[in-house]
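Here's the structure we're looking at; comments come further down.
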Amino acid sequence: MEDTIVAISTSLGVGAISIIRLSGKDAIKIADSVFSGDLKDKESHTIHYGYIKNKDEVIDEVLVSILKAPKTYTTEDTVEINCHGGISTTNKVLELLINKGVRLAEAGEFTKRAFLNGRIDLTESEAVMDLIESKSETSRKMAISALQGNTSKMIEKFRDDIKDLISKVEVNIDYPEYYDIEVMTIESIKDKVLELKNNLKEIIKESKNTKILKNGINTLIIGRPNVGKSSILNRFLDEEKAIVTDIAGTTRDIVEGEVLLNNIPLNIIDTAGIRNTTDIVEKKGVEKSLSLIEAADLVIVVLDSSNKLTKEDKEILEKSKNKTTIVVLNKNDLENKIEEKELKDYVVVSTNTNSNEGIKDLKNKIIELFNLEKIETKDYKYLTNIRQITKAEEAYRKLVEVEKGIKNNLPIDMVEIDLRDCFDILGEIIGKTYSDEIIDHLFENFCVGK
Ligand SMILES: Nc1nc2c(ncn2[C@@H]2O[C@H](COP(=O)(O)OP(=O)(O)OP(=O)(O)O)[C@@H](O)[C@H]2O)c(=O)[nH]1
Ligand SMILES: [Mg+2]
């Protein structure tokens, strides 16, 4: 981390201001070399007005912030240049700085430096990206909670408890001659292991649920042609997003839309109607519709209630049976031909997209099925991504081993090995132990300039 890096930290497009950020030991010196005034002897956390110049040519009128180590985002000397927004000015200033010898930052490199320099841990680094990407109030709250260190604190508490257990065990290993003390120790740690195991299990379960809160509910609308799938999507979005006609096979490819339901994004996909067809384009659409079932969190199977259930309807219902499914009986303004008992195993909502009838019921059903009502009261102290959850599951399995070891009267030093493994795995969640490969991979998914 010897070199100085630079990147455009705002999104590149037309806007009033763009911010170009430099970090590293030469940040101030290099900014000074293209600035009209003198930046070198200025105090930390001060802002300076002037021009960015390429020799005698004025490139832009700017404000430059000087932030000296260690109280900066990366903990290194940092300079932020507020230049005018827009693509050409911002790029020109960036080009000038690169010509002066700074290196263009990789994706996430500023945050990676903040982590490697010890200012934030791994869950906090991940929270930075979550915060930038959050699309709803709920995901924002989760991200800021993790960024404030709540996830880290929870993991640290686990590690402290396990460290405690390890020290109890170690006392016995140091005095092997007192066998009855070993028995007593095993007795005394047994309850604590069970408690930790149960707590971790609960956290994993809750964290998996909250993943949906963060990423939204992937909702698939599926059904035979002409049953009213696109009409349902349009009513949900309150706009005529998908084309609706009375010709079966109108939707050929997927149409996507997003709405917030109790502050949770509902990512809705309207699909091509399912039927046997020789039309090559439609056939591809049908295959795509079916393939999307697997990745969906919620499948809305739309039926035309004015027609008896067909073989295709039953096939679609069968294909969605392992998913959270709502069956929509659409066109309820027409005479009903589907008997209630045929759908007795399903959550059913009756709708008419012409009058909007039942759309509110459908939304309420989703709120009920995904427990969205109670979400606002959650305390957001959870693991926030799949990496963290996978590690927690590994740690949980180690605690299961510890429990088994105790039950089977294994030598206490064997039990200690599993406890130590558990401690290390929990450390990986917050980045106490890490490999360069994992860290590189993790920050690759960040945006440039953060
Ligand atoms: N009577 C009645 N007609 C409806 C209702 N909903 C949709 N329709 C009509 O049914 C026809 C098909 O609607 P779409 O929304 O295009 O159906 P789809 O399922 O998306 O059809 P494909 O894209 O072809 O698979 C249109 O003529 C709509 O006006 C309803 O609740 N009642
Ligand atoms: Mg359609």
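Lettering and numbering for the structure tokens are positional, with chains as A, B, ... in the shown order, residues counted from 1 in each chain, and ligands counted from 1 in the shown order.
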Would you mind listing, for every residue of chain A within 8 Å of ligand 1, the two atoms forming the shortest contact and the distance between them in Å to one decimal, using only C-alpha atoms and all ligand atoms, sorted by chain and ascending residue number, as JSON lines?
```
{"residue": "A:Ile222", "atom": "CA", "partner": "ligand 1", "partner_atom_place_in_ligand_line": "19 (O)", "distance": 7.9}
{"residue": "A:Gly223", "atom": "CA", "partner": "ligand 1", "partner_atom_place_in_ligand_line": "19 (O)", "distance": 6.6}
{"residue": "A:Arg224", "atom": "CA", "partner": "ligand 1", "partner_atom_place_in_ligand_line": "25 (O)", "distance": 6.0}
{"residue": "A:Pro225", "atom": "CA", "partner": "ligand 1", "partner_atom_place_in_ligand_line": "25 (O)", "distance": 3.3}
{"residue": "A:Asn226", "atom": "CA", "partner": "ligand 1", "partner_atom_place_in_ligand_line": "21 (O)", "distance": 3.4}
{"residue": "A:Val227", "atom": "CA", "partner": "ligand 1", "partner_atom_place_in_ligand_line": "19 (O)", "distance": 4.1}
{"residue": "A:Gly228", "atom": "CA", "partner": "ligand 1", "partner_atom_place_in_ligand_line": "17 (O)", "distance": 3.3}
{"residue": "A:Lys229", "atom": "CA", "partner": "ligand 1", "partner_atom_place_in_ligand_line": "19 (O)", "distance": 3.7}
{"residue": "A:Ser230", "atom": "CA", "partner": "ligand 1", "partner_atom_place_in_ligand_line": "20 (O)", "distance": 3.7}
{"residue": "A:Ser231", "atom": "CA", "partner": "ligand 1", "partner_atom_place_in_ligand_line": "15 (O)", "distance": 3.7}
{"residue": "A:Ile232", "atom": "CA", "partner": "ligand 1", "partner_atom_place_in_ligand_line": "15 (O)", "distance": 6.6}
{"residue": "A:Ala242", "atom": "CA", "partner": "ligand 1", "partner_atom_place_in_ligand_line": "20 (O)", "distance": 7.9}
{"residue": "A:Ile243", "atom": "CA", "partner": "ligand 1", "partner_atom_place_in_ligand_line": "16 (O)", "distance": 6.4}
{"residue": "A:Val244", "atom": "CA", "partner": "ligand 1", "partner_atom_place_in_ligand_line": "16 (O)", "distance": 3.6}
{"residue": "A:Thr245", "atom": "CA", "partner": "ligand 1", "partner_atom_place_in_ligand_line": "27 (O)", "distance": 4.5}
{"residue": "A:Asp246", "atom": "CA", "partner": "ligand 1", "partner_atom_place_in_ligand_line": "27 (O)", "distance": 3.4}
{"residue": "A:Ile247", "atom": "CA", "partner": "ligand 1", "partner_atom_place_in_ligand_line": "24 (O)", "distance": 6.0}
{"residue": "A:Ala248", "atom": "CA", "partner": "ligand 1", "partner_atom_place_in_ligand_line": "24 (O)", "distance": 3.9}
{"residue": "A:Gly249", "atom": "CA", "partner": "ligand 1", "partner_atom_place_in_ligand_line": "24 (O)", "distance": 3.4}
{"residue": "A:Thr250", "atom": "CA", "partner": "ligand 1", "partner_atom_place_in_ligand_line": "24 (O)", "distance": 3.8}
{"residue": "A:Thr251", "atom": "CA", "partner": "ligand 1", "partner_atom_place_in_ligand_line": "23 (O)", "distance": 3.6}
{"residue": "A:Arg252", "atom": "CA", "partner": "ligand 1", "partner_atom_place_in_ligand_line": "23 (O)", "distance": 6.9}
{"residue": "A:Asp270", "atom": "CA", "partner": "ligand 1", "partner_atom_place_in_ligand_line": "20 (O)", "distance": 7.5}
{"residue": "A:Thr271", "atom": "CA", "partner": "ligand 1", "partner_atom_place_in_ligand_line": "25 (O)", "distance": 7.0}
{"residue": "A:Ala272", "atom": "CA", "partner": "ligand 1", "partner_atom_place_in_ligand_line": "25 (O)", "distance": 4.9}
{"residue": "A:Gly273", "atom": "CA", "partner": "ligand 1", "partner_atom_place_in_ligand_line": "25 (O)", "distance": 3.4}
{"residue": "A:Ile274", "atom": "CA", "partner": "ligand 1", "partner_atom_place_in_ligand_line": "25 (O)", "distance": 7.1}
{"residue": "A:Val302", "atom": "CA", "partner": "ligand 1", "partner_atom_place_in_ligand_line": "19 (O)", "distance": 7.6}
{"residue": "A:Asn330", "atom": "CA", "partner": "ligand 1", "partner_atom_place_in_ligand_line": "31 (O)", "distance": 5.1}
{"residue": "A:Lys331", "atom": "CA", "partner": "ligand 1", "partner_atom_place_in_ligand_line": "31 (O)", "distance": 3.4}
{"residue": "A:Asn332", "atom": "CA", "partner": "ligand 1", "partner_atom_place_in_ligand_line": "31 (O)", "distance": 6.1}
{"residue": "A:Asp333", "atom": "CA", "partner": "ligand 1", "partner_atom_place_in_ligand_line": "32 (N)", "distance": 5.8}
{"residue": "A:Leu334", "atom": "CA", "partner": "ligand 1", "partner_atom_place_in_ligand_line": "1 (N)", "distance": 6.0}
{"residue": "A:Thr351", "atom": "CA", "partner": "ligand 1", "partner_atom_place_in_ligand_line": "31 (O)", "distance": 6.1}
{"residue": "A:Asn352", "atom": "CA", "partner": "ligand 1", "partner_atom_place_in_ligand_line": "31 (O)", "distance": 3.3}
{"residue": "A:Thr353", "atom": "CA", "partner": "ligand 1", "partner_atom_place_in_ligand_line": "31 (O)", "distance": 4.0}
{"residue": "A:Asn354", "atom": "CA", "partner": "ligand 1", "partner_atom_place_in_ligand_line": "31 (O)", "distance": 5.2}
{"residue": "A:Ser355", "atom": "CA", "partner": "ligand 1", "partner_atom_place_in_ligand_line": "31 (O)", "distance": 7.4}
{"residue": "A:Asn356", "atom": "CA", "partner": "ligand 1", "partner_atom_place_in_ligand_line": "31 (O)", "distance": 7.9}
```
(request) May I have the residues within 6 Å of segment 421-427 of chain A as number ranges by chain, using only C-alpha atoms and disregarding those fewer than 3 positions away in the same chain? (result) A: 159, 395, 398, 418, 430-433
Quick one: pick out all strand (DSSP E) residues within segment 107-257 of chain A from a backbone DSSP run and write them as a PDB file with N, CA and C atoms, in the first residue's frame.
```pdb
ATOM      1  N   ILE A 217     -37.922  -9.461  -2.696  1.00  0.00           N
ATOM      2  CA  ILE A 217     -38.559 -10.754  -2.949  1.00  0.00           C
ATOM      3  C   ILE A 217     -38.634 -10.952  -4.467  1.00  0.00           C
ATOM      4  N   ASN A 218     -37.919 -11.959  -4.934  1.00  0.00           N
ATOM      5  CA  ASN A 218     -37.975 -12.240  -6.375  1.00  0.00           C
ATOM      6  C   ASN A 218     -39.281 -12.951  -6.694  1.00  0.00           C
ATOM      7  N   THR A 219     -40.148 -12.228  -7.382  1.00  0.00           N
ATOM      8  CA  THR A 219     -41.511 -12.703  -7.610  1.00  0.00           C
ATOM      9  C   THR A 219     -41.722 -13.025  -9.078  1.00  0.00           C
ATOM     10  N   LEU A 220     -42.203 -14.226  -9.326  1.00  0.00           N
ATOM     11  CA  LEU A 220     -42.410 -14.658 -10.710  1.00  0.00           C
ATOM     12  C   LEU A 220     -43.907 -14.795 -10.976  1.00  0.00           C
ATOM     13  N   ILE A 221     -44.382 -14.169 -12.053  1.00  0.00           N
ATOM     14  CA  ILE A 221     -45.788 -14.345 -12.446  1.00  0.00           C
ATOM     15  C   ILE A 221     -45.803 -15.336 -13.609  1.00  0.00           C
ATOM     16  N   ILE A 222     -46.495 -16.435 -13.415  1.00  0.00           N
ATOM     17  CA  ILE A 222     -46.445 -17.503 -14.411  1.00  0.00           C
ATOM     18  C   ILE A 222     -47.852 -18.041 -14.649  1.00  0.00           C
ATOM     19  N   GLY A 223     -48.079 -18.615 -15.835  1.00  0.00           N
ATOM     20  CA  GLY A 223     -49.404 -19.164 -16.145  1.00  0.00           C
ATOM     21  C   GLY A 223     -49.556 -19.369 -17.646  1.00  0.00           C
ATOM     22  N   VAL A 255     -40.764  -9.469 -18.737  1.00  0.00           N
ATOM     23  CA  VAL A 255     -40.906  -8.029 -18.478  1.00  0.00           C
ATOM     24  C   VAL A 255     -40.701  -7.869 -16.975  1.00  0.00           C
ATOM     25  N   GLU A 256     -39.811  -6.944 -16.586  1.00  0.00           N
ATOM     26  CA  GLU A 256     -39.511  -6.817 -15.150  1.00  0.00           C
ATOM     27  C   GLU A 256     -39.978  -5.488 -14.590  1.00  0.00           C
ATOM     28  N   GLY A 257     -40.327  -5.508 -13.323  1.00  0.00           N
ATOM     29  CA  GLY A 257     -40.714  -4.274 -12.649  1.00  0.00           C
ATOM     30  C   GLY A 257     -40.418  -4.394 -11.170  1.00  0.00           C
TER      31      GLY A 257
END
```
(message) Please list as number ranges by chain every residue within 6 Å of segment 40-46 of chain A, counting only C-alpha atoms and excluding residues in the same chain fewer than 3 positions away.
(response) A: 65-68
Go ahead and save the picked residues with C-alpha atoms, as a PDB file, in the first residue's frame.
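To be explicit, this is the file written out as part07.pdb:
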```
ATOM      1  CA  SER A  65     -10.324  19.143   0.715  1.00  0.00           C
ATOM      2  CA  ILE A  66      -7.140  18.201   2.545  1.00  0.00           C
ATOM      3  CA  LEU A  67      -7.521  15.302   4.977  1.00  0.00           C
ATOM      4  CA  LYS A  68      -4.333  14.199   6.668  1.00  0.00           C
TER       5      LYS A  68
END
```
(message) To test your reading of the structure, identify every residue in segment 123-334 of chain A that backbone DSSP assigns to helix (DSSP H, G or I), and report it as a PyMOL selection string.
(response) chain A and resi 123-133+137-147+150-174+179-215+229-237+280-291+311-319
(message) Measuring between only C-alpha atoms, which one of A:Lys112, A:Lys100, A:Lys197, A:Lys407 shows the shortest distance to Glu444 of chain A?
(response) A:Lys112
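Neighbouring residues of Leu39 of chain A at 8 Å or closer, counting only C-alpha atoms and skipping chain neighbours under 2 positions away, are A:Ile28, A:Lys29, A:Ala31, A:Asp32, A:Phe35, A:Gly37, A:Asp41, A:Lys42, A:His48, A:Ile66.
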Suppose we keep N, CA and C atoms; can you now write the selection as a PDB file, in the first residue's frame?
```
ATOM      1  N   ILE A  28      -1.281  14.601  -1.234  1.00  0.00           N
ATOM      2  CA  ILE A  28      -1.286  16.070  -1.138  1.00  0.00           C
ATOM      3  C   ILE A  28      -0.280  16.677  -2.121  1.00  0.00           C
ATOM      4  N   LYS A  29       0.893  16.041  -2.199  1.00  0.00           N
ATOM      5  CA  LYS A  29       1.941  16.557  -3.097  1.00  0.00           C
ATOM      6  C   LYS A  29       1.449  16.566  -4.550  1.00  0.00           C
ATOM      7  N   ALA A  31      -1.761  16.455  -5.684  1.00  0.00           N
ATOM      8  CA  ALA A  31      -2.860  17.409  -5.885  1.00  0.00           C
ATOM      9  C   ALA A  31      -2.277  18.820  -5.990  1.00  0.00           C
ATOM     10  N   ASP A  32      -1.290  19.099  -5.165  1.00  0.00           N
ATOM     11  CA  ASP A  32      -0.656  20.416  -5.155  1.00  0.00           C
ATOM     12  C   ASP A  32      -0.022  20.751  -6.512  1.00  0.00           C
ATOM     13  N   PHE A  35      -2.691  22.179  -8.745  1.00  0.00           N
ATOM     14  CA  PHE A  35      -3.593  23.172  -8.153  1.00  0.00           C
ATOM     15  C   PHE A  35      -2.962  24.568  -8.219  1.00  0.00           C
ATOM     16  N   GLY A  37      -3.184  27.123  -6.128  1.00  0.00           N
ATOM     17  CA  GLY A  37      -2.619  27.638  -4.869  1.00  0.00           C
ATOM     18  C   GLY A  37      -1.622  26.669  -4.264  1.00  0.00           C
ATOM     19  N   ASP A  41       1.298  23.062   2.973  1.00  0.00           N
ATOM     20  CA  ASP A  41       1.417  23.340   4.405  1.00  0.00           C
ATOM     21  C   ASP A  41       0.072  23.622   5.067  1.00  0.00           C
ATOM     22  N   LYS A  42      -0.991  23.222   4.405  1.00  0.00           N
ATOM     23  CA  LYS A  42      -2.319  23.510   4.962  1.00  0.00           C
ATOM     24  C   LYS A  42      -2.674  22.523   6.070  1.00  0.00           C
ATOM     25  N   HIS A  48     -10.027  24.259   0.179  1.00  0.00           N
ATOM     26  CA  HIS A  48      -9.319  25.346  -0.514  1.00  0.00           C
ATOM     27  C   HIS A  48      -9.892  25.585  -1.894  1.00  0.00           C
ATOM     28  N   ILE A  66      -8.371  18.858   2.088  1.00  0.00           N
ATOM     29  CA  ILE A  66      -7.140  18.201   2.545  1.00  0.00           C
ATOM     30  C   ILE A  66      -7.464  17.427   3.816  1.00  0.00           C
TER      31      ILE A  66
END
```
(request) Would you kindly return, as a list in words, each protein, DNA or RNA residue with an atom no farther than 12 Å from any atom of Glu187 of chain A, considering only C-alpha atoms and excluding same-chain residues fewer than 6 positions away? (result)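 Final neighbour list, sorted by chain and number: Leu165, Lys168, Val169, Asp180, Ile181, Val193, Leu194, Glu403, Ile406, Lys407, Asn409 and Ile412 of chain A.
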(request) Return the single residue from A:Asn234, A:Asn209, A:Thr72, A:Ser88 that is closest to ligand 2, with distances computed using only C-alpha atoms and all ligand atoms. (result)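 Smallest distance to ligand 2 is found for A:Asn234.
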(request) Find the residues around Asn385 of chain A up to 10 Å (only C-alpha atoms counted), leave out those fewer than 4 positions away in its own chain, and share them as a list in words. (result)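 The residues satisfying every condition are Thr123, Glu126, Ala127, Asp130, Ser207, Lys208, Thr210, Lys211, Lys214, Asn215, Ile389 and Thr390 of chain A.
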With N, CA and C atoms retained, export the selected residues as a short mmCIF file (atom, residue, chain, number, x, y, z; two decimals), in the first residue's frame.
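Everything below was put into out39.cif:
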```cif
data_model
loop_
_atom_site.label_atom_id
_atom_site.label_comp_id
_atom_site.auth_asym_id
_atom_site.auth_seq_id
_atom_site.Cartn_x
_atom_site.Cartn_y
_atom_site.Cartn_z
N THR A 123 -16.93 -7.15 8.22
CA THR A 123 -18.38 -6.97 8.12
C THR A 123 -18.71 -5.49 7.90
N GLU A 126 -18.08 -4.73 4.24
CA GLU A 126 -19.18 -5.23 3.41
C GLU A 126 -20.41 -4.33 3.56
N ALA A 127 -20.58 -3.78 4.76
CA ALA A 127 -21.73 -2.90 5.00
C ALA A 127 -21.65 -1.62 4.17
N ASP A 130 -23.13 -2.50 0.95
CA ASP A 130 -24.57 -2.71 1.14
C ASP A 130 -25.31 -1.38 1.23
N SER A 207 -30.84 -14.61 9.94
CA SER A 207 -30.05 -13.94 8.91
C SER A 207 -30.51 -14.36 7.53
N LYS A 208 -30.88 -15.63 7.40
CA LYS A 208 -31.36 -16.11 6.10
C LYS A 208 -32.66 -15.39 5.74
N THR A 210 -33.53 -12.39 6.74
CA THR A 210 -33.29 -10.98 6.45
C THR A 210 -32.61 -10.77 5.10
N LYS A 211 -32.06 -11.85 4.55
CA LYS A 211 -31.46 -11.74 3.21
C LYS A 211 -32.52 -11.25 2.21
N LYS A 214 -33.09 -7.59 2.35
CA LYS A 214 -32.05 -6.81 1.71
C LYS A 214 -32.19 -6.83 0.18
N ASN A 215 -32.35 -8.04 -0.34
CA ASN A 215 -32.33 -8.17 -1.80
C ASN A 215 -33.71 -8.04 -2.41
N ILE A 389 -22.95 -15.87 6.40
CA ILE A 389 -23.84 -16.94 6.84
C ILE A 389 -23.14 -18.30 6.69
N THR A 390 -22.45 -18.51 5.57
CA THR A 390 -21.75 -19.78 5.35
C THR A 390 -20.71 -20.03 6.44
#
```
(message) Using only C-alpha atoms, can you tell me which of A:Val415, A:Asn117, A:Gly101, A:Val93 comes closest to Thr75 of chain A?
(response) A:Asn117
(request) Check the smallest atom-to-atom distance from each of A:Leu292, A:Leu233, A:Val347, A:Leu442 to ligand 2 using only C-alpha atoms and all ligand atoms, then report the winner. (result)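 Residue with the minimum atom-to-atom distance to ligand 2: A:Leu233.
In this structure, atom CA of Ser23 of chain A sits 5.4 Å away from atom CA of Ile5 of chain A.
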(request) Pick out the closest residue to ligand 2 from this set: A:Asp413, A:Asp440, A:Glu282, A:Glu428. Count only C-alpha atoms and all ligand atoms. (result) A:Glu282
If we count only C-alpha atoms and set the cut-off at 10 Å, which residues sit around segment 359-375 of chain A, ignoring sequence neighbours fewer than 2 positions away in its own chain? Please answer as a JSON list (two decimals) with C-alpha atoms, in the first residue's frame.
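Saved the output as part_37.json:
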```json
[["chain", "number", "residue", "atom", "x", "y", "z"],
["A", 138, "THR", "CA", -35.07, -1.62, 5.50],
["A", 209, "ASN", "CA", -34.76, -14.44, 6.47],
["A", 210, "THR", "CA", -33.29, -10.98, 6.45],
["A", 212, "ILE", "CA", -34.84, -11.33, 1.55],
["A", 213, "LEU", "CA", -35.30, -7.96, 3.20],
["A", 217, "ILE", "CA", -38.56, -10.75, -2.95],
["A", 232, "ILE", "CA", -51.51, -8.29, -12.98],
["A", 235, "ARG", "CA", -51.82, -3.32, -11.76],
["A", 236, "PHE", "CA", -49.00, -4.00, -9.32],
["A", 261, "LEU", "CA", -44.25, -3.48, -0.33],
["A", 262, "ASN", "CA", -43.93, -2.41, 3.32],
["A", 263, "ASN", "CA", -40.57, -0.99, 2.31],
["A", 264, "ILE", "CA", -39.35, -4.30, 0.90],
["A", 266, "LEU", "CA", -40.71, -6.80, -4.80],
["A", 297, "ASP", "CA", -38.79, -16.50, -3.72],
["A", 298, "LEU", "CA", -42.47, -16.25, -4.62],
["A", 300, "ILE", "CA", -47.71, -16.24, -8.52],
["A", 324, "THR", "CA", -43.94, -20.21, -1.76],
["A", 325, "THR", "CA", -46.88, -19.96, -4.14],
["A", 326, "ILE", "CA", -50.01, -17.84, -4.45],
["A", 327, "VAL", "CA", -52.65, -18.91, -6.96],
["A", 328, "VAL", "CA", -54.47, -15.99, -8.55],
["A", 347, "VAL", "CA", -53.23, -19.94, -0.97],
["A", 348, "VAL", "CA", -55.78, -18.47, -3.39],
["A", 349, "VAL", "CA", -56.67, -14.87, -4.24],
["A", 350, "SER", "CA", -59.47, -13.91, -6.61],
["A", 351, "THR", "CA", -58.89, -10.90, -8.90],
["A", 352, "ASN", "CA", -60.27, -8.84, -11.73],
["A", 353, "THR", "CA", -57.66, -6.63, -13.30],
["A", 355, "SER", "CA", -61.62, -3.12, -11.85],
["A", 356, "ASN", "CA", -58.49, -3.71, -9.72],
["A", 357, "GLU", "CA", -60.52, -6.01, -7.47],
["A", 377, "THR", "CA", -39.50, -3.86, 14.74],
["A", 378, "LYS", "CA", -36.43, -5.99, 14.03],
["A", 379, "ASP", "CA", -33.14, -4.88, 15.53],
["A", 380, "TYR", "CA", -31.09, -5.57, 12.38]]
```
